[in-house]
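Q: What follows is my_file15.cif, mmCIF, N, CA and C atoms.
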```cif
data_input
#
loop_
_atom_site.label_atom_id
_atom_site.label_comp_id
_atom_site.auth_asym_id
_atom_site.auth_seq_id
_atom_site.Cartn_x
_atom_site.Cartn_y
_atom_site.Cartn_z
N MET G 2 12.16 16.32 20.06
CA MET G 2 11.17 16.76 19.10
C MET G 2 11.14 15.83 17.89
N LYS G 3 12.32 15.34 17.49
CA LYS G 3 12.37 14.45 16.34
C LYS G 3 11.58 13.18 16.60
N GLY G 4 11.62 12.70 17.83
CA GLY G 4 10.88 11.49 18.17
C GLY G 4 9.38 11.68 18.01
N LYS G 5 8.87 12.83 18.41
CA LYS G 5 7.45 13.12 18.27
C LYS G 5 7.07 13.29 16.81
N SER G 6 7.91 13.98 16.05
CA SER G 6 7.63 14.17 14.62
C SER G 6 7.61 12.83 13.90
N TYR G 7 8.56 11.99 14.23
CA TYR G 7 8.63 10.67 13.61
C TYR G 7 7.39 9.85 13.98
N ALA G 8 6.99 9.90 15.26
CA ALA G 8 5.80 9.17 15.70
C ALA G 8 4.55 9.67 14.99
N LEU G 9 4.46 10.97 14.80
CA LEU G 9 3.33 11.55 14.08
C LEU G 9 3.28 11.06 12.63
N LEU G 10 4.41 11.11 11.96
CA LEU G 10 4.47 10.63 10.58
C LEU G 10 4.12 9.15 10.47
N GLU G 11 4.61 8.36 11.41
CA GLU G 11 4.29 6.93 11.42
C GLU G 11 2.78 6.72 11.58
N GLU G 12 2.17 7.50 12.46
CA GLU G 12 0.73 7.38 12.70
C GLU G 12 -0.07 7.79 11.46
N VAL G 13 0.36 8.87 10.80
CA VAL G 13 -0.33 9.31 9.58
C VAL G 13 -0.19 8.24 8.50
N LEU G 14 0.99 7.70 8.32
CA LEU G 14 1.19 6.65 7.31
C LEU G 14 0.35 5.42 7.62
N SER G 15 0.28 5.07 8.88
CA SER G 15 -0.53 3.93 9.28
C SER G 15 -2.01 4.18 8.99
N THR G 16 -2.46 5.40 9.26
CA THR G 16 -3.85 5.75 8.99
C THR G 16 -4.13 5.74 7.48
N VAL G 17 -3.20 6.25 6.70
CA VAL G 17 -3.35 6.23 5.25
C VAL G 17 -3.46 4.79 4.76
N ASP G 18 -2.63 3.90 5.30
CA ASP G 18 -2.69 2.49 4.91
C ASP G 18 -4.04 1.87 5.25
N ARG G 19 -4.59 2.24 6.39
CA ARG G 19 -5.86 1.64 6.83
C ARG G 19 -7.07 2.20 6.11
N ILE G 20 -7.18 3.54 5.98
CA ILE G 20 -8.42 4.13 5.46
C ILE G 20 -8.24 4.87 4.14
N GLY G 21 -7.02 5.00 3.67
CA GLY G 21 -6.77 5.67 2.40
C GLY G 21 -6.48 7.15 2.58
N ILE G 22 -5.94 7.74 1.53
CA ILE G 22 -5.53 9.14 1.58
C ILE G 22 -6.73 10.07 1.71
N ASP G 23 -7.75 9.85 0.90
CA ASP G 23 -8.90 10.75 0.92
C ASP G 23 -9.58 10.77 2.28
N ASN G 24 -9.79 9.61 2.87
CA ASN G 24 -10.44 9.55 4.18
C ASN G 24 -9.54 10.13 5.28
N THR G 25 -8.23 9.95 5.14
CA THR G 25 -7.31 10.54 6.11
C THR G 25 -7.40 12.06 6.05
N ILE G 26 -7.42 12.61 4.84
CA ILE G 26 -7.53 14.07 4.68
C ILE G 26 -8.85 14.57 5.25
N LYS G 27 -9.95 13.87 4.94
CA LYS G 27 -11.26 14.26 5.48
C LYS G 27 -11.25 14.23 7.00
N THR G 28 -10.66 13.20 7.57
CA THR G 28 -10.62 13.07 9.03
C THR G 28 -9.81 14.20 9.66
N LEU G 29 -8.67 14.51 9.06
CA LEU G 29 -7.84 15.60 9.59
C LEU G 29 -8.54 16.95 9.48
N ARG G 30 -9.20 17.19 8.36
CA ARG G 30 -9.94 18.45 8.19
C ARG G 30 -11.08 18.56 9.19
N TYR G 31 -11.80 17.45 9.39
CA TYR G 31 -12.90 17.45 10.36
C TYR G 31 -12.37 17.73 11.77
N ALA G 32 -11.26 17.09 12.12
CA ALA G 32 -10.68 17.32 13.45
C ALA G 32 -10.24 18.77 13.62
N GLN G 33 -9.65 19.33 12.57
CA GLN G 33 -9.20 20.72 12.64
C GLN G 33 -10.39 21.67 12.78
N LYS G 34 -11.45 21.44 12.01
CA LYS G 34 -12.64 22.29 12.10
C LYS G 34 -13.29 22.15 13.47
N SER G 35 -13.35 20.95 13.96
CA SER G 35 -13.95 20.70 15.28
C SER G 35 -13.17 21.43 16.37
N MET G 36 -11.84 21.36 16.29
CA MET G 36 -11.01 22.05 17.29
C MET G 36 -11.20 23.55 17.19
N SER G 37 -11.31 24.07 15.97
CA SER G 37 -11.50 25.51 15.77
C SER G 37 -12.84 25.96 16.35
N ASP G 38 -13.90 25.19 16.09
CA ASP G 38 -15.22 25.51 16.63
C ASP G 38 -15.21 25.48 18.15
N ASN G 39 -14.58 24.46 18.72
CA ASN G 39 -14.49 24.34 20.17
C ASN G 39 -13.70 25.50 20.76
N SER G 40 -12.67 25.95 20.05
CA SER G 40 -11.85 27.06 20.53
C SER G 40 -12.68 28.34 20.63
N LYS G 41 -13.53 28.59 19.64
CA LYS G 41 -14.39 29.79 19.68
C LYS G 41 -15.36 29.71 20.86
N GLU G 42 -15.93 28.53 21.08
CA GLU G 42 -16.84 28.36 22.22
C GLU G 42 -16.10 28.56 23.53
N LEU G 43 -14.89 28.03 23.61
CA LEU G 43 -14.09 28.17 24.82
C LEU G 43 -13.73 29.64 25.06
N GLN G 44 -13.35 30.35 24.00
CA GLN G 44 -13.02 31.77 24.13
C GLN G 44 -14.21 32.54 24.68
N GLN G 45 -15.38 32.30 24.13
CA GLN G 45 -16.58 33.01 24.58
C GLN G 45 -16.90 32.64 26.03
N TYR G 46 -16.72 31.39 26.38
CA TYR G 46 -16.99 30.96 27.75
C TYR G 46 -16.04 31.66 28.73
N VAL G 47 -14.77 31.73 28.37
CA VAL G 47 -13.78 32.40 29.23
C VAL G 47 -14.17 33.86 29.43
N ILE G 48 -14.56 34.52 28.36
CA ILE G 48 -14.98 35.93 28.45
C ILE G 48 -16.19 36.07 29.36
N ASP G 49 -17.19 35.22 29.15
CA ASP G 49 -18.43 35.30 29.94
C ASP G 49 -18.19 35.02 31.42
N VAL G 50 -17.41 33.98 31.71
CA VAL G 50 -17.21 33.62 33.11
C VAL G 50 -16.35 34.66 33.84
N CYS G 51 -15.38 35.25 33.15
CA CYS G 51 -14.58 36.31 33.77
C CYS G 51 -15.44 37.52 34.10
N ALA G 52 -16.24 37.93 33.13
CA ALA G 52 -17.10 39.09 33.35
C ALA G 52 -18.07 38.84 34.49
N SER G 53 -18.70 37.68 34.51
CA SER G 53 -19.67 37.41 35.57
C SER G 53 -18.99 37.29 36.94
N LYS G 54 -17.79 36.74 36.97
CA LYS G 54 -17.07 36.60 38.25
C LYS G 54 -16.71 37.97 38.84
N PHE G 55 -16.46 38.95 37.95
CA PHE G 55 -16.14 40.29 38.42
C PHE G 55 -17.37 41.19 38.51
N GLY G 56 -18.54 40.64 38.17
CA GLY G 56 -19.79 41.33 38.43
C GLY G 56 -20.27 42.32 37.38
N PHE G 57 -19.97 42.09 36.11
CA PHE G 57 -20.52 42.94 35.08
C PHE G 57 -20.71 42.15 33.80
N GLN G 58 -21.37 42.75 32.81
CA GLN G 58 -21.66 42.08 31.56
C GLN G 58 -20.43 42.05 30.65
N ALA G 59 -20.34 40.99 29.86
CA ALA G 59 -19.18 40.80 28.99
C ALA G 59 -19.00 41.93 27.99
N LYS G 60 -20.11 42.52 27.51
CA LYS G 60 -19.97 43.58 26.49
C LYS G 60 -19.29 44.83 27.06
N LEU G 61 -19.30 45.00 28.37
CA LEU G 61 -18.66 46.17 28.98
C LEU G 61 -17.14 46.07 28.97
N LEU G 62 -16.60 44.86 28.73
CA LEU G 62 -15.15 44.70 28.66
C LEU G 62 -14.54 45.54 27.54
N ARG G 63 -15.23 45.64 26.43
CA ARG G 63 -14.71 46.38 25.27
C ARG G 63 -15.07 47.86 25.30
N ASP G 64 -15.92 48.27 26.23
CA ASP G 64 -16.38 49.66 26.29
C ASP G 64 -15.29 50.55 26.88
N LYS G 65 -14.74 51.42 26.06
CA LYS G 65 -13.65 52.30 26.49
C LYS G 65 -14.13 53.37 27.47
N ASN G 66 -15.42 53.71 27.46
CA ASN G 66 -15.95 54.75 28.33
C ASN G 66 -16.30 54.24 29.72
N TYR G 67 -16.20 52.96 29.93
CA TYR G 67 -16.61 52.34 31.19
C TYR G 67 -15.36 51.83 31.88
N SER G 68 -14.85 52.60 32.83
CA SER G 68 -13.58 52.26 33.47
C SER G 68 -13.70 52.26 34.99
N PHE G 69 -13.24 51.21 35.61
CA PHE G 69 -13.15 51.12 37.06
C PHE G 69 -12.16 50.03 37.41
N SER G 70 -11.75 49.96 38.66
CA SER G 70 -10.64 49.07 39.03
C SER G 70 -10.95 47.60 38.80
N SER G 71 -12.19 47.16 39.06
CA SER G 71 -12.47 45.74 38.86
C SER G 71 -12.46 45.38 37.37
N LYS G 72 -12.74 46.35 36.50
CA LYS G 72 -12.65 46.09 35.06
C LYS G 72 -11.19 45.89 34.68
N LYS G 73 -10.30 46.67 35.27
CA LYS G 73 -8.88 46.52 34.99
C LYS G 73 -8.39 45.14 35.42
N ASN G 74 -8.80 44.70 36.61
CA ASN G 74 -8.45 43.36 37.07
C ASN G 74 -9.07 42.29 36.18
N ALA G 75 -10.32 42.50 35.80
CA ALA G 75 -11.01 41.52 34.96
C ALA G 75 -10.31 41.39 33.61
N LEU G 76 -9.90 42.50 33.02
CA LEU G 76 -9.20 42.45 31.74
C LEU G 76 -7.85 41.74 31.87
N ALA G 77 -7.15 42.00 32.96
CA ALA G 77 -5.86 41.33 33.18
C ALA G 77 -6.06 39.82 33.33
N VAL G 78 -7.03 39.43 34.14
CA VAL G 78 -7.33 38.01 34.34
C VAL G 78 -7.79 37.38 33.03
N LEU G 79 -8.64 38.08 32.30
CA LEU G 79 -9.15 37.58 31.03
C LEU G 79 -8.02 37.35 30.03
N CYS G 80 -7.14 38.31 29.89
CA CYS G 80 -6.00 38.15 28.97
C CYS G 80 -5.15 36.95 29.37
N PHE G 81 -4.89 36.82 30.64
CA PHE G 81 -4.08 35.70 31.14
C PHE G 81 -4.75 34.36 30.86
N LEU G 82 -6.04 34.26 31.16
CA LEU G 82 -6.75 32.99 30.99
C LEU G 82 -6.97 32.64 29.52
N LEU G 83 -7.21 33.63 28.67
CA LEU G 83 -7.31 33.36 27.24
C LEU G 83 -5.99 32.84 26.70
N SER G 84 -4.90 33.45 27.14
CA SER G 84 -3.58 33.01 26.71
C SER G 84 -3.30 31.58 27.19
N LYS G 85 -3.65 31.31 28.41
CA LYS G 85 -3.36 30.00 29.02
C LYS G 85 -4.25 28.89 28.47
N ASN G 86 -5.53 29.15 28.28
CA ASN G 86 -6.48 28.09 27.95
C ASN G 86 -6.80 27.95 26.47
N CYS G 87 -6.73 29.03 25.72
CA CYS G 87 -7.18 29.00 24.32
C CYS G 87 -6.04 28.91 23.32
N GLN G 88 -4.81 29.06 23.77
CA GLN G 88 -3.64 29.01 22.90
C GLN G 88 -3.82 29.91 21.67
N ILE G 89 -4.19 31.15 21.92
CA ILE G 89 -4.29 32.12 20.82
C ILE G 89 -3.24 33.20 21.02
N ALA G 90 -2.86 33.84 19.94
CA ALA G 90 -1.82 34.87 19.97
C ALA G 90 -2.31 36.12 20.70
N GLN G 91 -1.36 36.91 21.15
CA GLN G 91 -1.71 38.12 21.89
C GLN G 91 -2.47 39.12 21.03
N ASN G 92 -2.20 39.15 19.72
CA ASN G 92 -2.96 40.09 18.88
C ASN G 92 -4.42 39.64 18.76
N ALA G 93 -4.67 38.34 18.79
CA ALA G 93 -6.05 37.85 18.78
C ALA G 93 -6.74 38.17 20.11
N ILE G 94 -6.01 38.05 21.20
CA ILE G 94 -6.56 38.42 22.51
C ILE G 94 -6.87 39.91 22.53
N ALA G 95 -5.95 40.70 21.99
CA ALA G 95 -6.15 42.16 21.93
C ALA G 95 -7.43 42.49 21.17
N TYR G 96 -7.66 41.81 20.07
CA TYR G 96 -8.88 42.04 19.29
C TYR G 96 -10.13 41.65 20.10
N LEU G 97 -10.07 40.52 20.78
CA LEU G 97 -11.23 40.04 21.55
C LEU G 97 -11.61 40.99 22.68
N VAL G 98 -10.61 41.54 23.36
CA VAL G 98 -10.90 42.35 24.56
C VAL G 98 -10.82 43.86 24.31
N GLY G 99 -10.44 44.27 23.11
CA GLY G 99 -10.44 45.68 22.77
C GLY G 99 -9.24 46.45 23.31
N LEU G 100 -8.09 45.80 23.37
CA LEU G 100 -6.86 46.45 23.81
C LEU G 100 -5.83 46.38 22.69
N ASP G 101 -4.69 47.04 22.90
CA ASP G 101 -3.61 46.85 21.94
C ASP G 101 -2.65 45.78 22.47
N ASN G 102 -1.78 45.29 21.58
CA ASN G 102 -0.91 44.16 21.92
C ASN G 102 -0.03 44.41 23.14
N THR G 103 0.50 45.62 23.26
CA THR G 103 1.40 45.90 24.39
C THR G 103 0.65 45.85 25.72
N ASN G 104 -0.59 46.32 25.73
CA ASN G 104 -1.38 46.23 26.97
C ASN G 104 -1.70 44.80 27.32
N VAL G 105 -1.97 43.96 26.33
CA VAL G 105 -2.24 42.55 26.59
C VAL G 105 -1.02 41.90 27.22
N SER G 106 0.14 42.15 26.63
CA SER G 106 1.38 41.59 27.16
C SER G 106 1.62 42.04 28.60
N ARG G 107 1.41 43.33 28.85
CA ARG G 107 1.60 43.89 30.18
C ARG G 107 0.65 43.23 31.20
N LYS G 108 -0.60 43.03 30.81
CA LYS G 108 -1.59 42.45 31.72
C LYS G 108 -1.29 40.98 32.01
N ILE G 109 -0.82 40.24 31.01
CA ILE G 109 -0.46 38.84 31.23
C ILE G 109 0.72 38.74 32.19
N LYS G 110 1.72 39.61 32.01
CA LYS G 110 2.86 39.62 32.92
C LYS G 110 2.45 40.01 34.33
N LEU G 111 1.53 40.96 34.44
CA LEU G 111 1.04 41.40 35.74
C LEU G 111 0.44 40.23 36.52
N ILE G 112 -0.39 39.44 35.86
CA ILE G 112 -1.03 38.30 36.52
C ILE G 112 0.00 37.22 36.83
N ALA G 113 0.93 36.99 35.92
CA ALA G 113 1.95 35.97 36.13
C ALA G 113 2.85 36.30 37.31
N GLN G 114 2.96 37.58 37.67
CA GLN G 114 3.85 38.00 38.75
C GLN G 114 3.13 38.27 40.06
N LEU G 115 1.89 37.82 40.20
CA LEU G 115 1.17 38.04 41.45
C LEU G 115 1.89 37.35 42.60
N ASP G 116 1.84 37.99 43.77
CA ASP G 116 2.52 37.49 44.96
C ASP G 116 1.50 36.92 45.93
N ASN G 117 1.66 35.67 46.30
CA ASN G 117 0.74 35.02 47.23
C ASN G 117 0.81 35.61 48.63
N GLY G 118 1.88 36.34 48.93
CA GLY G 118 2.03 36.97 50.24
C GLY G 118 1.24 38.26 50.39
N ASN G 119 0.92 38.90 49.28
CA ASN G 119 0.16 40.14 49.29
C ASN G 119 -1.33 39.81 49.40
N LYS G 120 -2.05 40.50 50.30
CA LYS G 120 -3.46 40.19 50.54
C LYS G 120 -4.33 40.38 49.30
N LEU G 121 -4.15 41.52 48.60
CA LEU G 121 -4.95 41.78 47.40
C LEU G 121 -4.62 40.79 46.27
N ASP G 122 -3.32 40.50 46.14
CA ASP G 122 -2.91 39.52 45.13
C ASP G 122 -3.48 38.14 45.45
N LYS G 123 -3.50 37.81 46.73
CA LYS G 123 -4.01 36.50 47.15
C LYS G 123 -5.49 36.36 46.79
N GLU G 124 -6.26 37.43 46.96
CA GLU G 124 -7.68 37.40 46.60
C GLU G 124 -7.85 37.24 45.09
N LEU G 125 -7.02 37.93 44.33
CA LEU G 125 -7.08 37.83 42.87
C LEU G 125 -6.67 36.42 42.42
N ILE G 126 -5.68 35.85 43.05
CA ILE G 126 -5.26 34.47 42.74
C ILE G 126 -6.39 33.49 43.02
N ALA G 127 -7.10 33.69 44.13
CA ALA G 127 -8.23 32.82 44.46
C ALA G 127 -9.33 32.94 43.40
N THR G 128 -9.57 34.16 42.94
CA THR G 128 -10.56 34.37 41.87
C THR G 128 -10.13 33.68 40.58
N ILE G 129 -8.85 33.82 40.24
CA ILE G 129 -8.32 33.17 39.04
C ILE G 129 -8.48 31.65 39.15
N ASN G 130 -8.16 31.10 40.30
CA ASN G 130 -8.28 29.65 40.49
C ASN G 130 -9.72 29.19 40.36
N SER G 131 -10.64 29.98 40.88
CA SER G 131 -12.07 29.65 40.78
C SER G 131 -12.52 29.67 39.32
N ILE G 132 -12.11 30.70 38.59
CA ILE G 132 -12.46 30.79 37.17
C ILE G 132 -11.82 29.64 36.40
N GLN G 133 -10.56 29.33 36.71
CA GLN G 133 -9.85 28.25 36.02
C GLN G 133 -10.55 26.91 36.24
N GLU G 134 -11.07 26.70 37.44
CA GLU G 134 -11.81 25.47 37.72
C GLU G 134 -13.07 25.38 36.86
N SER G 135 -13.77 26.50 36.72
CA SER G 135 -14.95 26.53 35.85
C SER G 135 -14.57 26.25 34.40
N ILE G 136 -13.47 26.82 33.96
CA ILE G 136 -13.00 26.61 32.59
C ILE G 136 -12.63 25.14 32.38
N ASN G 137 -11.94 24.56 33.35
CA ASN G 137 -11.57 23.14 33.23
C ASN G 137 -12.81 22.25 33.13
N ASN G 138 -13.84 22.54 33.92
CA ASN G 138 -15.09 21.78 33.84
C ASN G 138 -15.73 21.94 32.48
N PHE G 139 -15.73 23.16 31.97
CA PHE G 139 -16.30 23.41 30.64
C PHE G 139 -15.52 22.67 29.56
N LYS G 140 -14.18 22.72 29.65
CA LYS G 140 -13.36 22.02 28.67
C LYS G 140 -13.59 20.52 28.72
N ASN G 141 -13.76 19.96 29.90
CA ASN G 141 -14.02 18.53 30.02
C ASN G 141 -15.35 18.16 29.38
N ASN G 142 -16.35 19.02 29.49
CA ASN G 142 -17.64 18.76 28.87
C ASN G 142 -17.60 19.02 27.37
N LEU G 143 -16.83 20.02 26.94
CA LEU G 143 -16.75 20.39 25.53
C LEU G 143 -15.89 19.43 24.74
N MET G 144 -14.75 19.08 25.32
CA MET G 144 -13.76 18.24 24.64
C MET G 144 -13.39 17.05 25.52
N PRO G 145 -14.26 16.06 25.68
CA PRO G 145 -14.01 14.99 26.63
C PRO G 145 -12.82 14.10 26.29
N ASN G 146 -12.37 14.07 25.06
CA ASN G 146 -11.26 13.18 24.69
C ASN G 146 -9.90 13.79 24.90
N GLU G 147 -9.83 15.05 25.27
CA GLU G 147 -8.52 15.69 25.43
C GLU G 147 -7.99 15.48 26.82
#
```
Once you've parsed the file, please lay out its structure as structure tokens.

A:
Amino acid sequence: MKGKSYALLEEVLSTVDRIGIDNTIKTLRYAQKSMSDNSKELQQYVIDVCASKFGFQAKLLRDKNYSFSSKKNALAVLCFLLSKNCQIAQNAIAYLVGLDNTNVSRKIKLIAQLDNGNKLDKELIATINSIQESINNFKNNLMPNE
């Protein structure tokens, strides 16, 4: 970790030498804002693609009165994929999907422990892989330099 921290500091100092402190700060702020904006777009895309893959509208994910088994699977997959792709905390995921933190944690663990030998789990894994492929394509178009 020290090697990476040192490399980062060297790069920042080099940038300051080349373009000055003010421009370095502006560049860092712009990059941070850009990443934040892209993260919101990615979060919304993950929500939309999960809902459509499971066959219902995204707004029904937060509806407490609308409950069925595919919604439970969709919420579990959604929590897992938001955690994996958006690097946001579980409390932020809980807010996005309308659950509490403990349920988010439980759903992420549920997906992480799927068994490829079980037929139902295998189908869910295939769905997750399909959604992940869509997310990867979206990320490549959204953030081509990453």

Q: Would you mind reading off the distance between atom N of Ile136 (chain G) and CA of Ala75 (chain G), one decimal, in Å?

A: 14.9 Å

Q: For region 108-120 of chain G, find every residue with an atom within 9 Å (counting only C-alpha atoms), except residues of its own chain fewer than 4 positions away, and show them as a list of chain:residue names.

A: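 So the residues in contact are G:Lys73, G:Asn74, G:Leu76, G:Ala77, G:Val78, G:Leu79, G:Cys80, G:Phe81, G:Leu82, G:Ser84, G:Thr103, G:Asn104, G:Glu124, G:Leu125, G:Ile126.
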
Q: Out of G:Leu83, G:Lys3, G:Thr16, G:Ile22, which residue has the shortest atom-to-atom distance to Ile48 (chain G) when counting all atoms listed in the file?

A: G:Leu83

Q: Grab the atom N of Leu43 (chain G) to atom C of Ala8 (chain G) distance for me, in Å with one decimal place.

A: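 Going from atom N of Leu43 (chain G) over to atom C of Ala8 (chain G), I get 28.1 Å.
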
Q: Any idea what the distance is between CA of Tyr46 (chain G) and CA of Gly99 (chain G)?

A: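 A separation of 16.9 Å between them.
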
Q: Nearest to Thr128 (chain G): which of G:Gln88, G:Ser70, G:Lys54, G:Ala93 is it, counting only N, CA and C atoms?

A: G:Lys54

Q: Could you list, as a list in words, every residue within 7 Å of Ala59 (chain G), counting only N, CA and C atoms and ignoring same-chain residues fewer than 6 positions away?

A: Ile48, Asp49, Ala52 and Ser53 of chain G

Q: Atoms to include: N, CA and C atoms. Write the selected residues as a short mmCIF file (atom, residue, chain, number, x, y, z; two decimals), in the coordinates of the input.

A:
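Once written, again.cif looks like this:
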```cif
data_model
loop_
_atom_site.label_atom_id
_atom_site.label_comp_id
_atom_site.auth_asym_id
_atom_site.auth_seq_id
_atom_site.Cartn_x
_atom_site.Cartn_y
_atom_site.Cartn_z
N ILE G 48 -14.56 34.52 28.36
CA ILE G 48 -14.98 35.93 28.45
C ILE G 48 -16.19 36.07 29.36
N ASP G 49 -17.19 35.22 29.15
CA ASP G 49 -18.43 35.30 29.94
C ASP G 49 -18.19 35.02 31.42
N ALA G 52 -16.24 37.93 33.13
CA ALA G 52 -17.10 39.09 33.35
C ALA G 52 -18.07 38.84 34.49
N SER G 53 -18.70 37.68 34.51
CA SER G 53 -19.67 37.41 35.57
C SER G 53 -18.99 37.29 36.94
#
```

Q: If you count only N, CA and C atoms, which residues fall within 8 Å of Leu100 (chain G), apart from same-chain ones fewer than 5 positions away, as a PyMOL selection string?

A: chain G and resi 62-63+92+94-95+105

Q: Can you pull out every residue from chain G that DSSP, working from the backbone, puts in alpha helix (DSSP H), and format the result as a PyMOL selection string?

A: chain G and resi 3-20+22-54+70-87+91-98+102-113+120-143

Q: Write out as lines of an AutoDock Vina configuration file an axis-aligned box for region 72-84 of chain G: all of its atoms listed in the file, 5 Å added on each side, centre and edge lengths in Å with one decimal.

A:
```
center_x = -8.0
center_y = 39.1
center_z = 31.9
size_x = 19.4
size_y = 25.1
size_z = 20.4
```
